[in-house]
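Colleague: Pasting in a structure now, in structure tokens, and then I'll have a few things to ask.
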There are 2 protein chains.
Amino acid sequence: MHQTANGNFSSLRSSPLADLAARRIAIENVEPEIDGGRFAAKAVVGIPMQVSADIFSDGHEVLGAEVRHRADASEPWTVVPLVHQENDRWVAAITFLDIGTHSFTIAAWRNAFGTWQRDAAKKAAAGVLKQVDIDEGLLLAESLLSERPDAADLAARIHQGSDPSEILLGSELADLAATGGPRLDQTLHEHEISVVVDPVIAATGAWYELFPRSCGPDDQTHGTLRDVIDRLDYVRDLGFDVLYFPPIHPIGRAHRKGPNNRLTASATDPGSPYAIGSPDGGHDALHPELGTLEDFDALVEAAEARGLKIALDFAIQCSPDHPWIKDHPEWFDWRPDGTIKYAENPPKRYEDIVNVHFYGQALPDLWFALRDVVLFWIDHGVTIFRVDNPHTKPFPFWEWMIGEVKARHPEAIFLSEAFTRPKVMKRLAKLGFTQSYSYFTWRNTKSELEAYLTELTIETCRHYMRPNFFANTPDINPYYLQENGRAGFQVRFVLAATLTGNYGIYSGYEICEAAPVPGKEEYLDSEKYQLRHRDFDAPGNIKDDVRAINALRHAHPHILEPEQLSFFNAFNPHVLSYGRHDRLTGDLFLFHVNLNAREPQDFEFEVPLWEFGLDDDGAVGVEDVLHGNRFIWQGKMHRLRLDPLERPYAVWRLFSLDEVTA
Amino acid sequence: MHQTANGNFSSLRSSPLADLAARRIAIENVEPEIDGGRFAAKAVVGIPMQVSADIFSDGHEVLGAEVRHRADASEPWTVVPLVHQENDRWVAAITFLDIGTHSFTIAAWRNAFGTWQRDAAKKAAAGVLKQVDIDEGLLLAESLLSERPDAADLAARIHQGSDPSEILLGSELADLAATGGPRLDQTLHEHEISVVVDPVIAATGAWYELFPRSCGPDDQTHGTLRDVIDRLDYVRDLGFDVLYFPPIHPIGRAHRKGPNNRLTASATDPGSPYAIGSPDGGHDALHPELGTLEDFDALVEAAEARGLKIALDFAIQCSPDHPWIKDHPEWFDWRPDGTIKYAENPPKRYEDIVNVHFYGQALPDLWFALRDVVLFWIDHGVTIFRVDNPHTKPFPFWEWMIGEVKARHPEAIFLSEAFTRPKVMKRLAKLGFTQSYSYFTWRNTKSELEAYLTELTIETCRHYMRPNFFANTPDINPYYLQENGRAGFQVRFVLAATLTGNYGIYSGYEICEAAPVPGKEEYLDSEKYQLRHRDFDAPGNIKDDVRAINALRHAHPHILEPEQLSFFNAFNPHVLSYGRHDRLTGDLFLFHVNLNAREPQDFEFEVPLWEFGLDDDGAVGVEDVLHGNRFIWQGKMHRLRLDPLERPYAVWRLFSLDEVTA
């Protein structure tokens, strides 16, 4: 179709036919594109994001394609060429240099000169290239060169000498035509796709959770924010990046819960911090025993000085003493008898908590008020919010509120604490939550872990859902930890910290605290209802493991990118073997974890020599990351024993021997 | 959230917040929805189409949901309730009563009374249902009943007697609330999804292809359309539904091809019918030796009288003698030396054919002209068009042209003859082609067939792509048929005719004609370039198989629906075992095919007793469909021998014994 008219049909007035005709190239199955562009994809500043699409046209013309991206509709596009891989799939990697909302789209076109060149080369090879073919090529080259004043030299050379075919068939014109030159039938993808570009800490944070009120000198003395400042070095020494507190707001008196969730509290019981609000204030106030806003600002500053971020809990429920109930009765549900409606999960009732409702007269004032609570704490230096039970509040509220906040503060991070049905959890991630709690706590076996990580890192949800693997929480004392002793804590720690970029532990984990309410996944004497003072140097603690793994994460942050995870063969049903690639060095970090933390496991495992382009008797360099020993492993099959009494896991850095000899 | 205000926020002026807030319920992953609603799904008139979606809201409220569909935006919606299955998936079956383009969407809402009833029942069971709970229920019931004057009796009964709780907790109000009653937060799916509803013949046609010019009395006499009329009883007796002709238009003289694709033709050689156009006319004319338009009309009428549909070939290329070249030179590509551009696949050239181009000065006149060719033949009673090589013409042209034709003639059927890359084939189906040629001809082994049919019947493409399994074509003389003799023809026939709803054979198949151009998948002495007279009563023909299988298809048309196909276990790598359910009777048609058509195969196979709700020692009634014998099979495992010398396949109708004893 070497038409000289350049696909120009401007004379045809806009009509369904003209609109259709203008979209000659098919651009399909774009990734990342969430629900047809309805939701934004997520990326991390400075880290390449792969864009791919099926791109094809009728016939057999040579095509060109590019990704166009920008942060703002007023900016010019940044353009990155797409490269054809196979089966009509085109791929590019784009890197965003700023946080905030960006957008991208795809353009594709028919490369008329490229098509001529490909066909002419075949004819020349078969000895049937004729003068008329060359004349066609000259016309196309002239059209191409007329748009490229930078190639004036080439334009001149074509007409020197008698036979232009060498230049016509050469790479100089091919290169020009691949990007510039007449683009026939250029077609744009039908959507501009939004991408929320987050700071690095959104994707690779190690979280530590503590109750500030437990930071006092003993079980009887209420801790303060100043006490927390004294704990910062401890947290940082363990290698954490984010320090997260359950709610620190005034706690209600009405129906206050006592220790172990008793329905009655004594005068000295501190109550659940999730019963937010008292005459001392609501969501924008501090519990008086913790200190003042000045103390809080000092804490944030001290944390910042140590490279630690503070994360707060955003829990929307109220105690019956919350000031909003008097000031805004229209934000709550009232019963026919004039009483307020408590939270309930019939037949259970939770009389220390009332829920706001979001519609009726609460819309929009409550929505603004809640957004302003978040903005208030951002003004005090907090950018990370763990959001309590978001799945019991309307989806539209989250989409609106997170959008409002991130438009002003693109560095803001929201962690969705939804433990609920899978589609609800994914919806919250699509709506804008930066991170999501996960089912990790209940995925213990080799097959469960492989299947779940495959879902999270390979399927579509990887484009919008960033798991944060908490190994325990104040609400979840996993049976696995209750039953498997110190080695169990090591196992679950190394899994949480190396299977995903974001993970967390709740204070007490490092000293292997697991005393349960008998038969339940709950902690005995839960810190939710009482102060807890701990000996963090207790024997049998796993702080060395925590330090070592967090150090590995800091030394090699790129291995934490979701797409760098692969599972490998270890021939033992209790042993999980996985690797993380370092795309900067080409190294592979290989992990072996004995999931049966009570018995030693001997096993053969495969060294993934194929990842280094080696065959089955090749050799790679190996560093035992935890001990620093260095070896050369020859051949694919090796044997290892992991004894829980020593350490139930191993971490190896595999590197090409070329690097050593070079 | 038992708010008395009915989610009403009309006081809030339209804003991003209000627009978002109005869409409280998530409706995701709707099927069928092609590329976010960009393309229409396909359905068949009178046959239920399953609609499903993930539907969920925040919290734990009871939801209601429905599909709404209609043929025209001016019509009221037809409403069908969606039913929750599991994991937030809701399902309904909708049936379209007319052909043409319909649309559907989904609505979902929170059922306030249903939620109250569920929770109150839990409280009552736990003995904690209080008066205030009942009062809330009464308020909700009154709101519900105020919208349902048809339930006045119920409204009266609630207030008779002292305790309304029995009625409040009863099924009458539950049923009312499930569909009617206040719908809180009703949310519509963001798209209306188009569905092209085709006639039954679009999905379950048996096609027979012949060259009219070969229907004369011998190899030397050019057949006529009147001769074809004399063949109709033969075609109908074999049980076919569609009779398809390669092009029947005037054939060009310039560069006419001779027998076996020779570059030169003698004066008597008829030429390829795909070189369309001569001084006698173009795409809207008949080749003079075939007869007149009156003959054609008589043929269509005679076919119709026998229940046969005529299908024509729509091949857009032209011979160099086509009248369009003189009348519309702007529709063609011209070279710098003033000559017309022949079709080519460099370095090969096809000098008997020139291609139109579709853009530049050819847009839109050529598009109108081509559409009008199709409309011309529809005016002469043809509604089925097999389209030659659509993948070498612009995608937008097909979308526009098929849309234009089907808007006037929704009964029109277009079969895409694209043998090309998978994504291109699927795109053509999305654009509107009613049926698609497939890779069936090259899928011969058990694993190939199982994988390919799974792709076609289970993956998303089932919603828009209807395969038509041709067992051979004038262009494809499959190696399998060349190598496997009569039994090979039986095998491929029964596969084509029972693995999909649409299938076809090209004349000569029934007498096992397979002489190839040596080493190629082409027929020797191809009918594309010469007349071929055949003895259709030749010994060894498989006409009895053709009649029997076509009779089965006519007797049980519902088993041909794509979703009725399942694969079962036959413990022999050469034996394919599959079933087709009859959703009307509950019967299962079980097929065994020995794919190794040269050697007998003994094998054990599983009787899918589980499909009848039976365990492994249950019993089902069995009819040997080809012989009429009847048995009772007891137990899951049985043994069979399929000998190609007898018949390489078996067909069983399995039925519940309840039916016999009842």
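Labels used: A, B, ... for chains in the order of the structure tokens, numbers from 1 for residues in each chain, and numbers from 1 for ligands as shown.
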Identify all chain A residues at most 7 Å from chain B by counting only C-alpha atoms; ligands do not count. Present them as a ChimeraX atom specification.
Modeller: /A:1-3,5,7-9,17,20-21,23-24,35-36,58-59,119,122-123,126,132,135-136,333,336-337,346-347,357,359-360,391-397,400
Colleague: For the residues in the current selection, export C-alpha atoms as a short mmCIF file (atom, residue, chain, number, x, y, z; two decimals), in the first residue's frame.
Modeller:
```cif
data_model
loop_
_atom_site.label_atom_id
_atom_site.label_comp_id
_atom_site.auth_asym_id
_atom_site.auth_seq_id
_atom_site.Cartn_x
_atom_site.Cartn_y
_atom_site.Cartn_z
CA MET A 1 0.00 0.00 0.00
CA HIS A 2 2.65 2.51 -1.01
CA GLN A 3 0.17 5.26 -1.33
CA ALA A 5 -1.13 10.41 -0.23
CA GLY A 7 -3.26 8.45 4.75
CA ASN A 8 -4.71 11.93 4.63
CA PHE A 9 -8.46 12.08 4.68
CA LEU A 17 -16.58 6.10 9.18
CA LEU A 20 -13.03 4.47 12.63
CA ALA A 21 -10.79 4.78 9.58
CA ARG A 23 -7.65 4.07 13.94
CA ARG A 24 -6.13 1.60 11.52
CA ASP A 35 -10.13 -2.29 34.29
CA GLY A 36 -9.90 -0.55 30.94
CA ASP A 58 -3.71 -5.46 8.63
CA GLY A 59 -1.37 -6.77 6.00
CA ASP A 119 10.69 -5.94 0.59
CA LYS A 122 14.17 -9.65 -0.43
CA LYS A 123 13.87 -8.77 -4.09
CA ALA A 126 16.37 -12.95 -5.29
CA VAL A 132 10.70 0.85 -10.68
CA ASP A 135 12.24 4.67 -7.96
CA GLU A 136 9.55 3.91 -5.38
CA ASP A 333 -27.00 6.37 63.12
CA PRO A 336 -36.07 4.66 66.99
CA ASP A 337 -35.69 4.90 70.78
CA PRO A 346 -25.00 -9.68 65.14
CA PRO A 347 -25.57 -11.11 67.60
CA HIS A 357 -22.21 6.83 58.42
CA TYR A 359 -24.27 9.30 53.31
CA GLY A 360 -27.41 11.27 53.96
CA HIS A 391 -13.54 -2.37 53.86
CA THR A 392 -16.31 -1.31 56.26
CA LYS A 393 -16.32 2.24 54.89
CA PRO A 394 -17.63 3.19 51.43
CA PHE A 395 -15.30 2.57 48.49
CA PRO A 396 -16.05 6.02 46.98
CA PHE A 397 -14.89 7.70 50.16
CA TRP A 400 -12.01 10.55 46.84
#
```
Colleague: Just want the 12 Å neighbourhood of A:Pro81, counted on only C-alpha atoms, with same-chain residues fewer than 5 positions away dropped. Output as a VMD selection string.
Modeller: chain A and resid 51 to 52 63 to 69 90 to 94 105 to 109 178 to 180
Colleague: Save the residues we just selected, C-alpha atoms, as an mmCIF file, in the first residue's frame?
Modeller:
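The result, written out as out_1.cif:
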```cif
data_model
loop_
_atom_site.group_PDB
_atom_site.id
_atom_site.type_symbol
_atom_site.label_atom_id
_atom_site.label_comp_id
_atom_site.auth_asym_id
_atom_site.auth_seq_id
_atom_site.Cartn_x
_atom_site.Cartn_y
_atom_site.Cartn_z
ATOM 1 C CA VAL A 51 4.790 -1.191 29.451
ATOM 2 C CA SER A 52 3.596 -3.715 26.902
ATOM 3 C CA LEU A 63 5.233 -0.933 12.143
ATOM 4 C CA GLY A 64 6.683 1.535 14.603
ATOM 5 C CA ALA A 65 5.390 2.198 18.115
ATOM 6 C CA GLU A 66 6.212 4.284 21.158
ATOM 7 C CA VAL A 67 5.110 4.958 24.711
ATOM 8 C CA ARG A 68 4.407 8.591 25.568
ATOM 9 C CA HIS A 69 4.335 9.663 29.182
ATOM 10 C CA TRP A 90 5.653 -4.871 22.029
ATOM 11 C CA VAL A 91 7.558 -3.844 25.139
ATOM 12 C CA ALA A 92 9.275 -0.793 26.622
ATOM 13 C CA ALA A 93 10.514 0.237 30.049
ATOM 14 C CA ILE A 94 9.732 3.738 31.263
ATOM 15 C CA THR A 105 -0.420 6.276 26.213
ATOM 16 C CA ILE A 106 0.778 4.406 23.153
ATOM 17 C CA ALA A 107 1.124 5.468 19.536
ATOM 18 C CA ALA A 108 1.710 3.114 16.619
ATOM 19 C CA TRP A 109 2.101 3.705 12.905
ATOM 20 C CA ALA A 178 12.198 3.749 12.507
ATOM 21 C CA THR A 179 11.400 6.822 14.593
ATOM 22 C CA GLY A 180 10.985 9.844 12.343
#
```
Colleague: Going by DSSP on the backbone, which bits of stretch 329-478 of chain A are helix (DSSP H, G or I)? Write them as a PyMOL selection string, please.
Modeller: chain A and resi 329-331+360-362+365-379+390-392+395-408+422-431+440-442+446-458+460-463
Colleague: Those same residues, written as an mmCIF file, in the first residue's frame with C-alpha atoms?
Modeller:
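Result written to result.cif:
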```cif
data_model
loop_
_atom_site.group_PDB
_atom_site.id
_atom_site.type_symbol
_atom_site.label_atom_id
_atom_site.label_comp_id
_atom_site.auth_asym_id
_atom_site.auth_seq_id
_atom_site.Cartn_x
_atom_site.Cartn_y
_atom_site.Cartn_z
ATOM 1 C CA PRO A 329 -25.277 14.004 65.404
ATOM 2 C CA GLU A 330 -26.175 13.824 61.698
ATOM 3 C CA TRP A 331 -22.953 11.862 61.078
ATOM 4 C CA GLY A 360 -27.408 11.272 53.960
ATOM 5 C CA GLN A 361 -26.650 14.392 55.974
ATOM 6 C CA ALA A 362 -23.043 13.277 56.575
ATOM 7 C CA ASP A 365 -19.225 17.433 55.603
ATOM 8 C CA LEU A 366 -17.982 14.244 57.248
ATOM 9 C CA TRP A 367 -15.898 13.452 54.166
ATOM 10 C CA PHE A 368 -14.210 16.838 54.382
ATOM 11 C CA ALA A 369 -13.672 16.444 58.119
ATOM 12 C CA LEU A 370 -12.010 13.046 57.719
ATOM 13 C CA ARG A 371 -9.784 14.288 54.919
ATOM 14 C CA ASP A 372 -8.814 17.217 57.114
ATOM 15 C CA VAL A 373 -7.790 14.868 59.925
ATOM 16 C CA VAL A 374 -5.283 13.282 57.573
ATOM 17 C CA LEU A 375 -4.083 16.682 56.371
ATOM 18 C CA PHE A 376 -3.695 17.777 59.992
ATOM 19 C CA TRP A 377 -1.230 14.986 60.747
ATOM 20 C CA ILE A 378 0.586 15.537 57.472
ATOM 21 C CA ASP A 379 1.120 19.102 58.658
ATOM 22 C CA PRO A 390 -11.228 0.313 55.292
ATOM 23 C CA HIS A 391 -13.536 -2.369 53.865
ATOM 24 C CA THR A 392 -16.312 -1.308 56.255
ATOM 25 C CA PHE A 395 -15.303 2.565 48.490
ATOM 26 C CA PRO A 396 -16.054 6.015 46.981
ATOM 27 C CA PHE A 397 -14.892 7.696 50.163
ATOM 28 C CA TRP A 398 -11.438 6.138 49.866
ATOM 29 C CA GLU A 399 -11.075 6.937 46.212
ATOM 30 C CA TRP A 400 -12.006 10.546 46.838
ATOM 31 C CA MET A 401 -10.082 11.048 50.078
ATOM 32 C CA ILE A 402 -6.821 9.432 48.939
ATOM 33 C CA GLY A 403 -7.043 11.356 45.672
ATOM 34 C CA GLU A 404 -7.554 14.631 47.542
ATOM 35 C CA VAL A 405 -4.613 14.030 49.859
ATOM 36 C CA LYS A 406 -2.213 12.745 47.220
ATOM 37 C CA ALA A 407 -2.999 15.695 44.945
ATOM 38 C CA ARG A 408 -1.586 17.918 47.699
ATOM 39 C CA PRO A 422 -10.082 -11.222 48.014
ATOM 40 C CA LYS A 423 -12.016 -9.035 45.600
ATOM 41 C CA VAL A 424 -12.744 -6.459 48.294
ATOM 42 C CA MET A 425 -9.047 -6.284 49.188
ATOM 43 C CA LYS A 426 -8.113 -5.825 45.549
ATOM 44 C CA ARG A 427 -10.761 -3.157 45.037
ATOM 45 C CA LEU A 428 -9.321 -1.098 47.890
ATOM 46 C CA ALA A 429 -5.903 -1.310 46.267
ATOM 47 C CA LYS A 430 -7.349 -0.170 42.946
ATOM 48 C CA LEU A 431 -9.070 2.758 44.633
ATOM 49 C CA PHE A 440 0.487 -13.914 54.389
ATOM 50 C CA THR A 441 -0.197 -14.652 58.060
ATOM 51 C CA TRP A 442 -2.268 -17.666 56.991
ATOM 52 C CA LYS A 446 5.273 -24.444 50.504
ATOM 53 C CA SER A 447 2.391 -24.756 48.064
ATOM 54 C CA GLU A 448 0.387 -22.013 49.785
ATOM 55 C CA LEU A 449 3.319 -19.615 49.679
ATOM 56 C CA GLU A 450 4.240 -20.368 46.074
ATOM 57 C CA ALA A 451 0.640 -19.971 44.915
ATOM 58 C CA TYR A 452 0.033 -16.771 46.852
ATOM 59 C CA LEU A 453 3.251 -15.089 45.781
ATOM 60 C CA THR A 454 2.583 -16.081 42.196
ATOM 61 C CA GLU A 455 -0.819 -14.420 42.414
ATOM 62 C CA LEU A 456 0.696 -11.283 43.917
ATOM 63 C CA THR A 457 3.727 -10.935 41.666
ATOM 64 C CA ILE A 458 2.638 -12.329 38.303
ATOM 65 C CA THR A 460 -2.637 -8.410 37.002
ATOM 66 C CA CYS A 461 -2.969 -7.292 40.596
ATOM 67 C CA ARG A 462 0.795 -6.665 40.746
ATOM 68 C CA HIS A 463 0.141 -3.452 38.832
#
```
Colleague: Among stretch 113-269 of chain B, which residues carry a DSSP assignment of strand (DSSP E), reported as a count of residues only?
Modeller: 19
Colleague: State, in Å with one decimal place, the distance from atom CA of A:Trp324 to atom CA of A:Gly258.
Modeller: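 Interatomic distance here is 24.3 Å.
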Colleague: Could you give me, as a list in words, the residues within 8 Å of B:Ser214, counting only C-alpha atoms and dropping anything in the same chain fewer than 6 positions from it?
Modeller: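 That gives His222, Gly223, Glu527, Leu531, Arg532 and His533 of chain B.
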Colleague: Which distance in Å separates atom CA of A:Pro247 and atom CA of A:Phe414, to one decimal?
Modeller: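 Separating atom CA of A:Pro247 from atom CA of A:Phe414 is a distance of 14.9 Å.
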Colleague: Atom CA of B:Gly432 and atom CA of B:Ala418, how far apart in Å?
Modeller: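 One can read the atom CA of B:Ala418 to atom CA of B:Gly432 distance as 13.6 Å.
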